[in-house]
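Report on one structure; see the data block that follows.
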Amino acid sequence: MARIAETRPPAAPVSRQQVQRRERILDAAATLGAGADYDRVQMLDVAKQAGVAIGTLYRYFPSKSHLFSGVFEQRIGAFVGTQWSSPTGDPVADVGENLVALSRELLRTPRLCGAMMQAVAAGYVSGGDGVTPRLALVRAVIDTLGRTPDEVDLGVIRLLTYSWWGVLVSWLSHKITPAEAEADVRLAARLILAAYTGEE
């Protein structure tokens with residue numbers, strides 16, 4: 001079967017059945033991505049694992065980078081929906097602690113984390129959203145800070161996301177220790193978000 005062009009935008013599921021089918025695809029990709037390097041995961045194997053036709057897979061995910069970027073969004077959304085919290089009562093510290101906890105969660109499956117990050121970076125280079133904040137993460141940070149966002153707020157969140165991303169890459173590739181990475185994430189949150197708490 002001919003491969004569907006990567007330039008075609010992904011189809012959005014409409015019915016409940018389509019949503020469930022898309023979730024099965026993401027779950028299958030996550031399972032395979034946790035056990036093999038990104039380059040070794042084949043789209044046909046994902047389709048078989050999910051129990052869908054290869055054409056269905058490509059309809060929702062025109063490329064492997066779309067697929068693993070989707071897994072990344074799914075993982076962030078699941079974390080925000082079930083684990084994002086306010087452990088300290090200090091909004092800036094809470095953002096830092098949640099980003100640390102999100103990093104730990106993503107790194108529980110290092111191969112999958114690497115695959116997701118490779119896919120998202122590829123999307124960024126090719127003109128996609130890349131490492132810009134995903135909606136669930138943006139909303140979680142905004143809600144934690146307790147602000148009505150303006151363009152400056154969104155810019156600050158982007159800057160924090162870029163910093164978090166860089167630390168996560170360094171952590172995953174063992175360029176820094178986990179303790180250093182966690183300290184860097186907390187520091188980035190404190191410095192970048194300082195203006196939103198009256199700190200200098």
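Simple scheme: letters A, B, ... for chains in structure tokens order, numbers from 1 for residues in each chain, numbers from 1 for ligands in the order shown.
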
Query - Those of range 149-181 of chain A in DSSP helix (DSSP H, G or I), formatted as a list of chain:residue names - result: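 Going through range 149-181 of chain A, the helix (DSSP H, G or I) residues come out as A:Glu151, A:Val152, A:Asp153, A:Leu154, A:Gly155, A:Val156, A:Ile157, A:Arg158, A:Leu159, A:Leu160, A:Thr161, A:Tyr162, A:Ser163, A:Trp164, A:Trp165, A:Gly166, A:Val167, A:Leu168, A:Val169, A:Ser170, A:Trp171, A:Leu172, A:Pro178, A:Ala179, A:Glu180, A:Ala181.
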
Query - Contacts of Ala136 in chain A within 10 Å, only C-alpha atoms, excl. fewer than 3 positions in-chain, as a list in words - result: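 Once the adjacent positions are removed, what remains is Glu73, Gln74, Ile76, Gly77, Ala78, Phe79, Val80, Gly81, Pro133, Arg139, Ala140, Val141 and Ile142 of chain A.
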
Could you take the residues named above and write them with N, CA and C atoms, as a PDB file, in the first residue's frame?
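Written output follows (result_10.pdb):
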ATOM      1  N   GLU A  73       1.786  14.254  23.689  1.00  0.00           N
ATOM      2  CA  GLU A  73       0.627  15.033  24.122  1.00  0.00           C
ATOM      3  C   GLU A  73      -0.264  14.216  25.046  1.00  0.00           C
ATOM      4  N   GLN A  74      -0.460  12.938  24.702  1.00  0.00           N
ATOM      5  CA  GLN A  74      -1.275  12.068  25.534  1.00  0.00           C
ATOM      6  C   GLN A  74      -0.670  11.936  26.928  1.00  0.00           C
ATOM      7  N   ILE A  76       1.447  13.971  28.506  1.00  0.00           N
ATOM      8  CA  ILE A  76       1.355  15.231  29.242  1.00  0.00           C
ATOM      9  C   ILE A  76      -0.076  15.452  29.726  1.00  0.00           C
ATOM     10  N   GLY A  77      -1.053  15.206  28.848  1.00  0.00           N
ATOM     11  CA  GLY A  77      -2.447  15.384  29.237  1.00  0.00           C
ATOM     12  C   GLY A  77      -2.844  14.487  30.390  1.00  0.00           C
ATOM     13  N   ALA A  78      -2.365  13.231  30.355  1.00  0.00           N
ATOM     14  CA  ALA A  78      -2.685  12.296  31.439  1.00  0.00           C
ATOM     15  C   ALA A  78      -2.059  12.754  32.750  1.00  0.00           C
ATOM     16  N   PHE A  79      -0.819  13.246  32.696  1.00  0.00           N
ATOM     17  CA  PHE A  79      -0.164  13.719  33.916  1.00  0.00           C
ATOM     18  C   PHE A  79      -0.906  14.922  34.480  1.00  0.00           C
ATOM     19  N   VAL A  80      -1.205  15.879  33.616  1.00  0.00           N
ATOM     20  CA  VAL A  80      -1.901  17.082  34.076  1.00  0.00           C
ATOM     21  C   VAL A  80      -3.260  16.726  34.658  1.00  0.00           C
ATOM     22  N   GLY A  81      -3.938  15.788  34.031  1.00  0.00           N
ATOM     23  CA  GLY A  81      -5.277  15.436  34.481  1.00  0.00           C
ATOM     24  C   GLY A  81      -5.329  14.661  35.780  1.00  0.00           C
ATOM     25  N   PRO A 133       4.691  24.859  24.028  1.00  0.00           N
ATOM     26  CA  PRO A 133       3.888  24.201  25.067  1.00  0.00           C
ATOM     27  C   PRO A 133       2.636  23.550  24.514  1.00  0.00           C
ATOM     28  N   ARG A 139      -2.290  25.256  30.108  1.00  0.00           N
ATOM     29  CA  ARG A 139      -3.432  25.504  30.980  1.00  0.00           C
ATOM     30  C   ARG A 139      -3.093  25.193  32.429  1.00  0.00           C
ATOM     31  N   ALA A 140      -2.324  24.141  32.657  1.00  0.00           N
ATOM     32  CA  ALA A 140      -1.940  23.783  34.022  1.00  0.00           C
ATOM     33  C   ALA A 140      -1.079  24.869  34.655  1.00  0.00           C
ATOM     34  N   VAL A 141      -0.120  25.404  33.899  1.00  0.00           N
ATOM     35  CA  VAL A 141       0.748  26.459  34.432  1.00  0.00           C
ATOM     36  C   VAL A 141      -0.074  27.714  34.708  1.00  0.00           C
ATOM     37  N   ILE A 142      -0.941  28.087  33.765  1.00  0.00           N
ATOM     38  CA  ILE A 142      -1.771  29.281  33.943  1.00  0.00           C
ATOM     39  C   ILE A 142      -2.667  29.130  35.164  1.00  0.00           C
TER      40      ILE A 142
END

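Around range 147-152 of chain A, within 12 Å and counting only C-alpha atoms, the residues found are Pro91, Val138, Arg139, Ala140, Val141, Ile142, Asp143, Val156, Ile157, Arg158, Leu159, Ile192, Leu193, Ala195, Tyr196 and Thr197 of chain A, once anything fewer than 4 positions away on its own chain is removed.
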
**Report entry** Two-atom distance - CA of Gln118 in chain A, CA of Ser65 in chain A (Å)
**Finding:**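 Going from CA of Gln118 in chain A over to CA of Ser65 in chain A covers 7.8 Å.
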
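For range 170-175 of chain A, the set of protein, DNA and RNA residues having any atom at most 12 Å away, when counting only C-alpha atoms and skipping those fewer than 3 positions along the same chain, is A:Val100, A:Ser103, A:Arg104, A:Leu106, A:Leu107, A:Arg108, A:Thr109, A:Pro110, A:Arg111, A:Leu112, A:Cys113, A:Gly114, A:Ala115, A:Met116, A:Met117, A:Gln118, A:Ser163, A:Trp164, A:Trp165, A:Gly166, A:Val167, A:Pro178, A:Ala179, A:Glu180, A:Ala181, A:Glu182, A:Ala183, A:Asp184, A:Val185.
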
Any chance you can output those residues with C-alpha atoms as a PDB file, in the first residue's frame?
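That gives us result_0.pdb:
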ATOM      1  CA  VAL A 100      10.075  17.870  38.033  1.00  0.00           C
ATOM      2  CA  SER A 103      10.031  14.757  33.988  1.00  0.00           C
ATOM      3  CA  ARG A 104      10.320  11.808  36.354  1.00  0.00           C
ATOM      4  CA  LEU A 106       8.350  10.658  31.315  1.00  0.00           C
ATOM      5  CA  LEU A 107      11.750   9.207  32.203  1.00  0.00           C
ATOM      6  CA  ARG A 108      10.239   6.088  33.762  1.00  0.00           C
ATOM      7  CA  THR A 109      10.376   4.737  30.187  1.00  0.00           C
ATOM      8  CA  PRO A 110      13.631   6.205  28.794  1.00  0.00           C
ATOM      9  CA  ARG A 111      13.324   4.706  25.305  1.00  0.00           C
ATOM     10  CA  LEU A 112       9.802   6.020  24.915  1.00  0.00           C
ATOM     11  CA  CYS A 113      10.833   9.405  26.284  1.00  0.00           C
ATOM     12  CA  GLY A 114      13.625   9.543  23.719  1.00  0.00           C
ATOM     13  CA  ALA A 115      11.237   8.581  20.927  1.00  0.00           C
ATOM     14  CA  MET A 116       8.724  11.248  21.910  1.00  0.00           C
ATOM     15  CA  MET A 117      11.383  13.936  22.142  1.00  0.00           C
ATOM     16  CA  GLN A 118      12.927  12.940  18.807  1.00  0.00           C
ATOM     17  CA  SER A 163      14.134  25.562  29.471  1.00  0.00           C
ATOM     18  CA  TRP A 164      12.349  22.478  30.791  1.00  0.00           C
ATOM     19  CA  TRP A 165      12.803  20.750  27.443  1.00  0.00           C
ATOM     20  CA  GLY A 166      16.554  21.439  27.428  1.00  0.00           C
ATOM     21  CA  VAL A 167      16.952  20.092  30.942  1.00  0.00           C
ATOM     22  CA  PRO A 178      19.009  13.632  38.109  1.00  0.00           C
ATOM     23  CA  ALA A 179      19.665  15.837  41.146  1.00  0.00           C
ATOM     24  CA  GLU A 180      21.214  18.547  38.953  1.00  0.00           C
ATOM     25  CA  ALA A 181      18.335  18.287  36.483  1.00  0.00           C
ATOM     26  CA  GLU A 182      15.694  18.650  39.172  1.00  0.00           C
ATOM     27  CA  ALA A 183      17.524  21.632  40.673  1.00  0.00           C
ATOM     28  CA  ASP A 184      17.774  23.244  37.230  1.00  0.00           C
ATOM     29  CA  VAL A 185      14.033  22.805  36.551  1.00  0.00           C
TER      30      VAL A 185
END

Query raised in the report: Pick the closest to Val52 in chain A from A:Val169, A:Ile25, A:Ala36, A:Ala30: which is it, counting only C-alpha atoms?
Result: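 So, comparing all the options, the nearest one is A:Ile25.
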
Query - Selection: 12 Å around range 15-20 of chain A, only C-alpha atoms, excl. self and same-chain fewer than 2 positions, as a ChimeraX atom specification - result: /A:11-13,22-27,50-52,56-57,59-60

Generate the output file for the selected residues, N, CA and C atoms, as a short mmCIF file (atom, residue, chain, number, x, y, z; two decimals), in the first residue's frame.
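The result, stored in result-v7.cif:
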data_model
loop_
_atom_site.label_atom_id
_atom_site.label_comp_id
_atom_site.auth_asym_id
_atom_site.auth_seq_id
_atom_site.Cartn_x
_atom_site.Cartn_y
_atom_site.Cartn_z
N ALA A 11 -6.13 13.54 10.57
CA ALA A 11 -7.58 13.58 10.75
C ALA A 11 -7.91 13.64 12.24
N ALA A 12 -8.96 14.36 12.56
CA ALA A 12 -9.41 14.43 13.95
C ALA A 12 -10.55 13.45 14.15
N PRO A 13 -10.49 12.62 15.20
CA PRO A 13 -11.59 11.69 15.45
C PRO A 13 -12.86 12.46 15.81
N ARG A 22 -8.19 5.86 18.03
CA ARG A 22 -6.98 6.69 18.08
C ARG A 22 -6.21 6.45 19.38
N GLU A 23 -6.92 6.30 20.48
CA GLU A 23 -6.25 6.02 21.76
C GLU A 23 -5.55 4.67 21.73
N ARG A 24 -6.16 3.69 21.08
CA ARG A 24 -5.52 2.37 20.96
C ARG A 24 -4.22 2.48 20.17
N ILE A 25 -4.24 3.29 19.15
CA ILE A 25 -3.02 3.50 18.35
C ILE A 25 -1.93 4.13 19.20
N LEU A 26 -2.29 5.15 19.97
CA LEU A 26 -1.31 5.81 20.83
C LEU A 26 -0.77 4.85 21.88
N ASP A 27 -1.65 4.05 22.46
CA ASP A 27 -1.21 3.08 23.47
C ASP A 27 -0.27 2.04 22.87
N ALA A 50 -2.35 -2.28 17.56
CA ALA A 50 -3.59 -1.55 17.88
C ALA A 50 -4.83 -2.22 17.31
N GLY A 51 -4.64 -3.17 16.40
CA GLY A 51 -5.78 -3.83 15.78
C GLY A 51 -6.51 -2.95 14.78
N VAL A 52 -5.75 -2.13 14.05
CA VAL A 52 -6.36 -1.27 13.04
C VAL A 52 -5.64 -1.46 11.70
N THR A 56 -5.85 3.34 8.41
CA THR A 56 -6.45 4.04 9.55
C THR A 56 -5.37 4.73 10.37
N LEU A 57 -4.27 4.03 10.59
CA LEU A 57 -3.15 4.62 11.34
C LEU A 57 -2.66 5.89 10.66
N ARG A 59 -4.23 7.77 8.59
CA ARG A 59 -5.25 8.82 8.57
C ARG A 59 -5.12 9.73 9.79
N TYR A 60 -4.88 9.12 10.96
CA TYR A 60 -4.74 9.90 12.18
C TYR A 60 -3.32 10.42 12.39
#

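The environment of Asn98 in chain A within 8 Å, counting only C-alpha atoms and disregarding residues fewer than 3 places along the same chain, consists of Trp84, Ser85, Asp94, Val95, Ala101 and Leu102 of chain A.
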
Query raised in the report: Looking at only C-alpha atoms, which of A:Ala93, A:Ala121, A:Leu187, A:Ala194 is the one that sits closest to Asp153 in chain A?
Result: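 Looking at the shortest contact to Asp153 in chain A, the residue is A:Ala194.
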
Requested in this report: Tell me, in Å to one decimal, how far CA of Gly55 in chain A is from CA of Ala28 in chain A.
Outcome: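 Those two atoms sit 15.6 Å apart.
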
Query raised in the report: Nearest to Leu135 in chain A: which of A:Leu32, A:Ala122, A:Leu154, A:Ala188 is it, counting only C-alpha atoms?
Result: A:Leu154

Report task. Find the residue from A:Pro87, A:Gly146, A:Gly155, A:Gly123 that sits nearest to Lys64 in chain A; use only C-alpha atoms when measuring. Result ->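 Looking at the shortest contact to Lys64 in chain A, the residue is A:Gly123.
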
Query raised in the report: When distances are computed from only C-alpha atoms, which of A:Ala119, A:Val125, A:Pro9, A:Arg21 shows the smallest separation from Tyr38 in chain A?
Result: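 Closest to Tyr38 in chain A of all the choices is A:Ala119.
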
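Take the candidates A:Leu145, A:Ile176, A:Ala47, A:Gly35 and check each one against Val92 in chain A using only C-alpha atoms; the shortest distance goes to A:Leu145.
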
Requested in this report: Provide the CA of Ser63 in chain A to CA of Leu137 in chain A distance in Å, to one decimal place.
Outcome: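 Separation of CA of Ser63 in chain A and CA of Leu137 in chain A: 23.7 Å.
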